[in-house]
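Listing of work_31.cif; format and content: mmCIF, C-alpha atoms, pLDDT in the B column; chains and numbers go by the auth columns.
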```cif
data_protein
#
loop_
_atom_site.group_PDB
_atom_site.id
_atom_site.type_symbol
_atom_site.label_atom_id
_atom_site.label_comp_id
_atom_site.label_asym_id
_atom_site.label_seq_id
_atom_site.Cartn_x
_atom_site.Cartn_y
_atom_site.Cartn_z
_atom_site.B_iso_or_equiv
_atom_site.auth_seq_id
_atom_site.auth_asym_id
ATOM 1 C CA MET A 1 8.403 -14.560 -0.806 40.00 248 A
ATOM 2 C CA LYS A 2 5.343 -12.822 -2.258 42.00 249 A
ATOM 3 C CA VAL A 3 1.723 -13.816 -2.642 39.00 250 A
ATOM 4 C CA SER A 4 0.648 -15.363 -5.939 40.00 251 A
ATOM 5 C CA ILE A 5 -2.504 -14.636 -7.887 41.00 252 A
ATOM 6 C CA ASP A 6 -5.221 -16.807 -6.345 61.00 253 A
ATOM 7 C CA GLU A 7 -8.671 -16.555 -4.807 87.00 254 A
ATOM 8 C CA ASN A 8 -7.298 -15.885 -1.333 95.00 255 A
ATOM 9 C CA THR A 9 -3.611 -15.815 -0.563 96.00 256 A
ATOM 10 C CA ALA A 10 -1.717 -13.884 2.090 97.00 257 A
ATOM 11 C CA TYR A 11 1.860 -13.512 3.255 97.00 258 A
ATOM 12 C CA ILE A 12 3.082 -11.837 6.426 97.00 259 A
ATOM 13 C CA SER A 13 6.366 -11.744 8.276 96.00 260 A
ATOM 14 C CA GLY A 14 7.035 -10.337 11.709 96.00 261 A
ATOM 15 C CA THR A 15 7.450 -11.243 15.365 96.00 262 A
ATOM 16 C CA LEU A 16 5.586 -14.057 17.123 96.00 263 A
ATOM 17 C CA ALA A 17 3.741 -12.198 19.890 96.00 264 A
ATOM 18 C CA SER A 18 3.213 -15.054 22.368 90.00 265 A
ATOM 19 C CA GLU A 19 3.372 -18.804 22.792 93.00 266 A
ATOM 20 C CA PRO A 20 0.637 -20.599 20.783 96.00 267 A
ATOM 21 C CA GLU A 21 -2.412 -21.877 22.651 96.00 268 A
ATOM 22 C CA PHE A 22 -4.562 -24.872 21.804 97.00 269 A
ATOM 23 C CA ASP A 23 -7.764 -23.749 20.055 94.00 270 A
ATOM 24 C CA HIS A 24 -9.699 -26.760 18.739 92.00 271 A
ATOM 25 C CA GLN A 25 -9.494 -30.194 17.168 94.00 272 A
ATOM 26 C CA LEU A 26 -11.022 -31.123 13.809 90.00 273 A
ATOM 27 C CA TYR A 27 -10.898 -34.470 11.980 89.00 274 A
ATOM 28 C CA GLY A 28 -8.218 -35.693 14.365 92.00 275 A
ATOM 29 C CA GLU A 29 -5.878 -32.716 13.886 94.00 276 A
ATOM 30 C CA GLU A 30 -5.158 -30.136 16.542 97.00 277 A
ATOM 31 C CA PHE A 31 -5.163 -26.424 15.754 97.00 278 A
ATOM 32 C CA TYR A 32 -3.506 -23.655 17.724 97.00 279 A
ATOM 33 C CA ARG A 33 -3.873 -19.886 17.873 96.00 280 A
ATOM 34 C CA ALA A 34 -1.205 -17.225 18.104 97.00 281 A
ATOM 35 C CA SER A 35 -0.553 -13.778 16.656 96.00 282 A
ATOM 36 C CA VAL A 36 2.183 -12.040 14.709 97.00 283 A
ATOM 37 C CA LEU A 37 3.208 -8.400 15.158 97.00 284 A
ATOM 38 C CA VAL A 38 3.859 -6.658 11.833 97.00 285 A
ATOM 39 C CA PRO A 39 4.976 -3.001 11.874 95.00 286 A
ATOM 40 C CA ARG A 40 3.785 -0.584 9.191 93.00 287 A
ATOM 41 C CA LEU A 41 5.974 2.100 7.641 88.00 288 A
ATOM 42 C CA SER A 42 4.144 4.623 9.838 90.00 289 A
ATOM 43 C CA GLY A 43 5.322 2.815 12.961 89.00 290 A
ATOM 44 C CA THR A 44 1.867 1.444 13.844 93.00 291 A
ATOM 45 C CA ILE A 45 1.986 -2.272 14.633 96.00 292 A
ATOM 46 C CA ASP A 46 -0.672 -4.643 13.305 97.00 293 A
ATOM 47 C CA CYS A 47 -1.417 -7.705 15.424 96.00 294 A
ATOM 48 C CA VAL A 48 -2.453 -10.445 12.979 97.00 295 A
ATOM 49 C CA PRO A 49 -4.189 -13.518 14.489 96.00 296 A
ATOM 50 C CA LEU A 50 -3.018 -16.936 13.288 97.00 297 A
ATOM 51 C CA THR A 51 -4.619 -20.351 13.163 97.00 298 A
ATOM 52 C CA ILE A 52 -1.854 -22.973 13.074 97.00 299 A
ATOM 53 C CA PRO A 53 -2.347 -26.650 12.161 97.00 300 A
ATOM 54 C CA GLY A 54 -0.566 -28.980 14.563 97.00 301 A
ATOM 55 C CA ARG A 55 1.709 -30.302 11.804 96.00 302 A
ATOM 56 C CA LEU A 56 3.298 -26.830 11.493 97.00 303 A
ATOM 57 C CA MET A 57 3.999 -26.396 15.204 96.00 304 A
ATOM 58 C CA PRO A 58 7.606 -27.721 14.989 94.00 305 A
ATOM 59 C CA ALA A 59 8.447 -24.788 12.653 90.00 306 A
ATOM 60 C CA LEU A 60 7.464 -22.179 15.252 93.00 307 A
ATOM 61 C CA PRO A 61 10.153 -20.351 17.219 92.00 308 A
ATOM 62 C CA MET A 62 9.689 -19.253 20.803 92.00 309 A
ATOM 63 C CA ALA A 63 7.666 -16.107 21.486 93.00 310 A
ATOM 64 C CA GLY A 64 9.642 -13.106 20.306 94.00 311 A
ATOM 65 C CA GLY A 65 11.119 -14.994 17.378 94.00 312 A
ATOM 66 C CA ARG A 66 10.624 -13.837 13.805 95.00 313 A
ATOM 67 C CA ILE A 67 8.610 -15.860 11.312 96.00 314 A
ATOM 68 C CA ALA A 68 7.160 -15.700 7.822 96.00 315 A
ATOM 69 C CA VAL A 69 3.678 -17.132 7.285 97.00 316 A
ATOM 70 C CA SER A 70 1.789 -17.802 4.065 97.00 317 A
ATOM 71 C CA GLY A 71 -1.810 -18.927 3.965 97.00 318 A
ATOM 72 C CA GLN A 72 -5.426 -17.815 3.596 96.00 319 A
ATOM 73 C CA LEU A 73 -7.456 -15.203 5.429 97.00 320 A
ATOM 74 C CA ARG A 74 -10.537 -16.890 6.871 96.00 321 A
ATOM 75 C CA SER A 75 -13.577 -15.901 8.901 95.00 322 A
ATOM 76 C CA TYR A 76 -15.835 -17.614 11.415 89.00 323 A
ATOM 77 C CA ASN A 77 -18.610 -16.676 13.816 84.00 324 A
ATOM 78 C CA ARG A 78 -17.701 -16.699 17.490 77.00 325 A
ATOM 79 C CA HIS A 79 -20.638 -17.290 19.811 68.00 326 A
ATOM 80 C CA GLY A 80 -20.503 -15.494 23.145 60.00 327 A
ATOM 81 C CA GLU A 81 -22.652 -14.014 25.839 59.00 328 A
ATOM 82 C CA GLN A 82 -23.009 -10.819 23.811 57.00 329 A
ATOM 83 C CA GLY A 83 -24.160 -12.656 20.661 60.00 330 A
ATOM 84 C CA ASN A 84 -22.375 -13.656 17.454 73.00 331 A
ATOM 85 C CA ARG A 85 -19.238 -11.885 16.309 77.00 332 A
ATOM 86 C CA LEU A 86 -17.382 -12.211 12.994 85.00 333 A
ATOM 87 C CA CYS A 87 -13.738 -13.120 13.630 91.00 334 A
ATOM 88 C CA VAL A 88 -10.939 -13.086 11.078 96.00 335 A
ATOM 89 C CA THR A 89 -7.762 -15.190 11.211 97.00 336 A
ATOM 90 C CA LEU A 90 -4.841 -16.034 8.947 98.00 337 A
ATOM 91 C CA PHE A 91 -4.894 -19.810 8.426 97.00 338 A
ATOM 92 C CA ALA A 92 -1.259 -20.861 8.094 97.00 339 A
ATOM 93 C CA ARG A 93 -0.280 -23.147 5.225 96.00 340 A
ATOM 94 C CA SER A 94 3.467 -22.754 5.698 97.00 341 A
ATOM 95 C CA ILE A 95 5.720 -21.214 8.347 96.00 342 A
ATOM 96 C CA GLU A 96 9.404 -20.385 7.953 94.00 343 A
ATOM 97 C CA PRO A 97 11.979 -18.791 10.264 92.00 344 A
ATOM 98 C CA MET A 98 12.982 -15.259 9.339 90.00 345 A
ATOM 99 C CA CYS A 99 16.359 -13.620 9.885 84.00 346 A
ATOM 100 C CA GLU A 100 16.574 -10.522 12.061 81.00 347 A
ATOM 101 C CA GLU A 101 17.709 -8.322 9.157 82.00 348 A
ATOM 102 C CA ALA A 102 14.746 -9.123 6.889 86.00 349 A
ATOM 103 C CA ALA A 103 12.146 -6.370 6.519 89.00 350 A
ATOM 104 C CA PRO A 104 8.602 -7.240 7.689 91.00 351 A
ATOM 105 C CA GLU A 105 5.989 -7.855 5.011 95.00 352 A
ATOM 106 C CA ASN A 106 2.214 -7.837 4.926 97.00 353 A
ATOM 107 C CA SER A 107 0.383 -8.532 1.673 97.00 354 A
ATOM 108 C CA ILE A 108 -2.817 -10.201 0.567 97.00 355 A
ATOM 109 C CA ILE A 109 -4.704 -10.817 -2.681 97.00 356 A
ATOM 110 C CA LEU A 110 -8.419 -11.664 -2.626 97.00 357 A
ATOM 111 C CA THR A 111 -10.861 -12.500 -5.395 96.00 358 A
ATOM 112 C CA GLY A 112 -14.480 -12.625 -4.337 96.00 359 A
ATOM 113 C CA TYR A 113 -17.972 -11.186 -4.517 96.00 360 A
ATOM 114 C CA LEU A 114 -19.481 -8.092 -2.940 97.00 361 A
ATOM 115 C CA CYS A 115 -22.074 -9.716 -0.685 95.00 362 A
ATOM 116 C CA LYS A 116 -23.831 -6.574 0.558 94.00 363 A
ATOM 117 C CA PRO A 117 -23.834 -2.905 -0.465 95.00 364 A
ATOM 118 C CA ALA A 118 -20.617 -1.123 0.445 95.00 365 A
ATOM 119 C CA VAL A 119 -21.026 1.586 3.100 95.00 366 A
ATOM 120 C CA PHE A 120 -19.566 4.925 2.056 95.00 367 A
ATOM 121 C CA ARG A 121 -18.687 7.425 4.771 93.00 368 A
ATOM 122 C CA THR A 122 -16.494 10.454 5.382 92.00 369 A
ATOM 123 C CA THR A 123 -14.349 11.000 8.477 86.00 370 A
ATOM 124 C CA PRO A 124 -14.340 14.312 10.416 86.00 371 A
ATOM 125 C CA PHE A 125 -11.086 15.035 8.540 86.00 372 A
ATOM 126 C CA MET A 126 -12.939 14.548 5.212 88.00 373 A
ATOM 127 C CA ARG A 127 -11.262 11.264 4.351 91.00 374 A
ATOM 128 C CA GLU A 128 -13.494 9.039 2.197 95.00 375 A
ATOM 129 C CA ILE A 129 -13.893 5.432 3.354 95.00 376 A
ATOM 130 C CA GLY A 130 -15.777 2.462 1.912 96.00 377 A
ATOM 131 C CA ASP A 131 -16.599 -0.537 4.123 96.00 378 A
ATOM 132 C CA ILE A 132 -16.758 -3.744 2.076 97.00 379 A
ATOM 133 C CA LEU A 133 -17.751 -7.308 2.928 97.00 380 A
ATOM 134 C CA LEU A 134 -16.205 -9.670 0.381 97.00 381 A
ATOM 135 C CA ALA A 135 -17.262 -13.325 0.046 96.00 382 A
ATOM 136 C CA CYS A 136 -14.350 -15.555 -1.018 95.00 383 A
ATOM 137 C CA ASN A 137 -14.998 -19.177 -1.957 91.00 384 A
ATOM 138 C CA ARG A 138 -12.785 -22.015 -0.748 89.00 385 A
ATOM 139 C CA SER A 139 -12.786 -25.809 -0.825 82.00 386 A
ATOM 140 C CA PHE A 140 -15.702 -27.992 0.276 80.00 387 A
ATOM 141 C CA ASN A 141 -18.330 -25.402 -0.715 83.00 388 A
ATOM 142 C CA LYS A 142 -17.328 -23.034 2.075 88.00 389 A
ATOM 143 C CA SER A 143 -16.981 -19.266 1.917 92.00 390 A
ATOM 144 C CA ASP A 144 -15.171 -16.680 3.992 95.00 391 A
ATOM 145 C CA TYR A 145 -16.758 -13.283 4.582 96.00 392 A
ATOM 146 C CA LEU A 146 -13.924 -10.799 4.865 97.00 393 A
ATOM 147 C CA PRO A 147 -14.255 -7.138 5.902 97.00 394 A
ATOM 148 C CA CYS A 148 -12.229 -4.751 3.775 97.00 395 A
ATOM 149 C CA ILE A 149 -11.697 -0.990 3.808 96.00 396 A
ATOM 150 C CA ALA A 150 -11.231 1.123 0.684 97.00 397 A
ATOM 151 C CA TRP A 151 -10.077 4.728 0.559 95.00 398 A
ATOM 152 C CA GLY A 152 -10.610 7.749 -1.700 95.00 399 A
ATOM 153 C CA ARG A 153 -11.640 6.988 -5.264 94.00 400 A
ATOM 154 C CA ASN A 154 -11.729 3.244 -4.528 95.00 401 A
ATOM 155 C CA ALA A 155 -14.242 3.953 -1.756 96.00 402 A
ATOM 156 C CA ARG A 156 -16.417 5.978 -4.131 95.00 403 A
ATOM 157 C CA MET A 157 -16.161 3.285 -6.808 95.00 404 A
ATOM 158 C CA VAL A 158 -17.258 0.369 -4.611 95.00 405 A
ATOM 159 C CA SER A 159 -20.118 2.391 -3.126 94.00 406 A
ATOM 160 C CA GLU A 160 -21.687 2.441 -6.599 94.00 407 A
ATOM 161 C CA MET A 161 -21.245 -1.290 -7.312 95.00 408 A
ATOM 162 C CA PRO A 162 -24.200 -3.701 -7.165 96.00 409 A
ATOM 163 C CA VAL A 163 -24.212 -6.686 -4.818 97.00 410 A
ATOM 164 C CA GLY A 164 -22.673 -9.687 -6.589 96.00 411 A
ATOM 165 C CA SER A 165 -19.908 -7.694 -8.291 96.00 412 A
ATOM 166 C CA ARG A 166 -16.723 -9.772 -8.579 96.00 413 A
ATOM 167 C CA LEU A 167 -13.632 -7.968 -7.322 97.00 414 A
ATOM 168 C CA ARG A 168 -9.915 -8.548 -7.088 97.00 415 A
ATOM 169 C CA ILE A 169 -8.405 -6.754 -4.109 97.00 416 A
ATOM 170 C CA GLU A 170 -4.777 -6.242 -3.156 97.00 417 A
ATOM 171 C CA GLY A 171 -3.795 -4.853 0.211 97.00 418 A
ATOM 172 C CA ARG A 172 -2.619 -5.753 3.702 97.00 419 A
ATOM 173 C CA ILE A 173 -4.135 -7.251 6.849 98.00 420 A
ATOM 174 C CA GLN A 174 -4.577 -4.668 9.574 96.00 421 A
ATOM 175 C CA SER A 175 -5.789 -4.569 13.168 95.00 422 A
ATOM 176 C CA ARG A 176 -7.819 -1.681 14.546 90.00 423 A
ATOM 177 C CA ARG A 177 -8.869 -0.932 18.133 85.00 424 A
ATOM 178 C CA TYR A 178 -12.371 0.373 18.788 79.00 425 A
ATOM 179 C CA GLN A 179 -14.961 0.581 21.540 78.00 426 A
ATOM 180 C CA LYS A 180 -18.296 -1.245 21.466 77.00 427 A
ATOM 181 C CA MET A 181 -21.294 -0.293 23.605 79.00 428 A
ATOM 182 C CA LEU A 182 -22.977 -3.447 24.926 75.00 429 A
ATOM 183 C CA PRO A 183 -26.743 -3.812 25.511 77.00 430 A
ATOM 184 C CA ASP A 184 -26.244 -3.261 29.245 79.00 431 A
ATOM 185 C CA GLY A 185 -24.545 0.091 28.570 80.00 432 A
ATOM 186 C CA MET A 186 -21.020 -1.104 29.315 82.00 433 A
ATOM 187 C CA ILE A 187 -18.192 -0.051 26.976 84.00 434 A
ATOM 188 C CA GLN A 188 -15.930 -2.867 25.778 78.00 435 A
ATOM 189 C CA ASP A 189 -12.538 -2.461 24.068 82.00 436 A
ATOM 190 C CA ARG A 190 -12.295 -4.638 20.964 80.00 437 A
ATOM 191 C CA THR A 191 -9.927 -5.252 18.070 87.00 438 A
ATOM 192 C CA ALA A 192 -11.146 -5.584 14.482 89.00 439 A
ATOM 193 C CA HIS A 193 -9.142 -7.292 11.756 95.00 440 A
ATOM 194 C CA GLU A 194 -9.699 -6.334 8.141 96.00 441 A
ATOM 195 C CA VAL A 195 -8.050 -5.852 4.769 98.00 442 A
ATOM 196 C CA SER A 196 -6.880 -2.352 3.918 97.00 443 A
ATOM 197 C CA CYS A 197 -7.213 -2.134 0.129 97.00 444 A
ATOM 198 C CA SER A 198 -4.411 -0.629 -1.944 96.00 445 A
ATOM 199 C CA SER A 199 -6.038 -1.544 -5.269 96.00 446 A
ATOM 200 C CA ILE A 200 -9.441 -2.839 -6.419 96.00 447 A
ATOM 201 C CA GLU A 201 -10.166 -4.343 -9.838 95.00 448 A
ATOM 202 C CA ILE A 202 -13.570 -5.259 -11.243 93.00 449 A
ATOM 203 C CA ILE A 203 -13.515 -8.703 -12.838 90.00 450 A
#
```
Show me the file's structure as structure tokens.
Amino acid sequence: MKVSIDENTAYISGTLASEPEFDHQLYGEEFYRASVLVPRLSGTIDCVPLTIPGRLMPALPMAGGRIAVSGQLRSYNRHGEQGNRLCVTLFARSIEPMCEEAAPENSIILTGYLCKPAVFRTTPFMREIGDILLACNRSFNKSDYLPCIAWGRNARMVSEMPVGSRLRIEGRIQSRRYQKMLPDGMIQDRTAHEVSCSSIEII
């Protein structure tokens, strides 16, 4: 099962990391959170957060089971003691069991607008990176603001694009650990979730 061409469509398959936990209730429906572990070819494992509508809960296996999830990547602001933080989650539209022999997958297609100038930078190993924030529209006049990372020539290309450029991005959802210094000087370990771009097309 692959993603189709749409404004925001994602497909992952991997191992359910833990038992789902209740997250919130909206318009009478309960929603739960969980995460799926998806290994890369390099051996690194991405931990992809899920938001699961209550109606899909019967399709979930126990923790450690393998599942395939299709849906949309969404964002929201989480309010905490340290201020607002942009969080990213895969909103599940369908969940299916996955056999043990099936290879894990991780793919996403986004169409949206560059909502602020891309940040171009170079790592100490001279790898070129472009940090992108893409605004993707969805139903009911809502938008998701999704962080993406481009590499090499794609990074150089997006760094020259004006705000408002419409882009089609293909890639995968990845997790990345980093450390954040808080206002009180404490160092906090955090995990960022973003889209690693394999291709970018100007529309």
Q: Please write the residues picked by the PyMOL selection byres ((chain A and resi 301) around 8) on this file as number ranges by chain.
A: A: 276-279, 299-300, 302-304
Q: Let me know the residues the PyMOL selection byres ((chain A and resi 263) around 12) catches in the file above, as a VMD selection string.
A: chain A and resid 259 to 262 264 to 267 280 to 285 293 to 297 306 to 316 342 to 345
Let's have the selection written as a short mmCIF file (atom, residue, chain, number, x, y, z; two decimals), in the coordinates of the input, with C-alpha atoms.
```
data_model
loop_
_atom_site.label_atom_id
_atom_site.label_comp_id
_atom_site.auth_asym_id
_atom_site.auth_seq_id
_atom_site.Cartn_x
_atom_site.Cartn_y
_atom_site.Cartn_z
CA ILE A 259 3.08 -11.84 6.43
CA SER A 260 6.37 -11.74 8.28
CA GLY A 261 7.04 -10.34 11.71
CA THR A 262 7.45 -11.24 15.36
CA ALA A 264 3.74 -12.20 19.89
CA SER A 265 3.21 -15.05 22.37
CA GLU A 266 3.37 -18.80 22.79
CA PRO A 267 0.64 -20.60 20.78
CA ARG A 280 -3.87 -19.89 17.87
CA ALA A 281 -1.20 -17.23 18.10
CA SER A 282 -0.55 -13.78 16.66
CA VAL A 283 2.18 -12.04 14.71
CA LEU A 284 3.21 -8.40 15.16
CA VAL A 285 3.86 -6.66 11.83
CA ASP A 293 -0.67 -4.64 13.30
CA CYS A 294 -1.42 -7.70 15.42
CA VAL A 295 -2.45 -10.44 12.98
CA PRO A 296 -4.19 -13.52 14.49
CA LEU A 297 -3.02 -16.94 13.29
CA ALA A 306 8.45 -24.79 12.65
CA LEU A 307 7.46 -22.18 15.25
CA PRO A 308 10.15 -20.35 17.22
CA MET A 309 9.69 -19.25 20.80
CA ALA A 310 7.67 -16.11 21.49
CA GLY A 311 9.64 -13.11 20.31
CA GLY A 312 11.12 -14.99 17.38
CA ARG A 313 10.62 -13.84 13.80
CA ILE A 314 8.61 -15.86 11.31
CA ALA A 315 7.16 -15.70 7.82
CA VAL A 316 3.68 -17.13 7.28
CA ILE A 342 5.72 -21.21 8.35
CA GLU A 343 9.40 -20.39 7.95
CA PRO A 344 11.98 -18.79 10.26
CA MET A 345 12.98 -15.26 9.34
#
```
Q. Which one of A:Arg437, A:Arg325, A:Arg287, A:Arg340 sits closest to Arg419 (chain A) if you count all atoms listed in the file?
A.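 Result for the nearest residue to Arg419 (chain A): A:Arg287.
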Q. So which residues touch region 388-404 of chain A within 6 Å, counting all atoms listed in the file, skipping near sequence neighbours fewer than 5 positions away, as a VMD selection string?
A. chain A and resid 321 to 322 375 to 383 441 to 444
Q) For Lys427 (chain A), which residue out of A:Thr370, A:Asn255, A:Ala349, A:Arg332 is the nearest one, using all atoms listed in the file? A)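 Residue with the minimum atom-to-atom distance to Lys427 (chain A): A:Arg332.
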**Q.** Atomic distance CA of Glu407 (chain A) - CA of Leu333 (chain A), expressed in Å with one decimal
**A.** 24.8 Å
Q) With only C-alpha atoms as the atoms that count, which of A:Arg374, A:Arg415, A:His271, A:Arg368 lies nearest to Thr256 (chain A)? A) A:Arg415
**Q.** Nearest candidate to Pro305 (chain A) (options A:Ser445, A:Glu254, A:Ile355, A:Ser341; using only C-alpha atoms)
**A.** A:Ser341
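Coordinates place CA of Val410 (chain A) at a distance of 21.9 Å from CA of Asn324 (chain A).
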**Q.** Closest of A:Leu357, A:Met428, A:Ser317, A:Gln421 to His440 (chain A) - atom-to-atom distances counting only C-alpha atoms
**A.**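 That would be A:Gln421, the residue with the smallest distance to His440 (chain A).
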Enclose region 294-305 of chain A, meaning all of its atoms listed in the file, in a box aligned along x, y and z, pad it by 8 Å on each side, and list the centre and edge lengths in Å to one decimal, as lines of an AutoDock Vina configuration file.
```
center_x = 1.5
center_y = -19.0
center_z = 13.5
size_x = 28.2
size_y = 38.6
size_z = 19.9
```
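Using only C-alpha atoms for every distance, the candidate list A:Thr336, A:Ser289, A:Ser446, A:Thr369 yields A:Thr336 as the residue closest to Gln319 (chain A).
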Q) CA of Ile356 (chain A) to CA of Pro409 (chain A): how many Å, to one decimal? A)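 We find that CA of Ile356 (chain A) and CA of Pro409 (chain A) lie 21.2 Å from each other.
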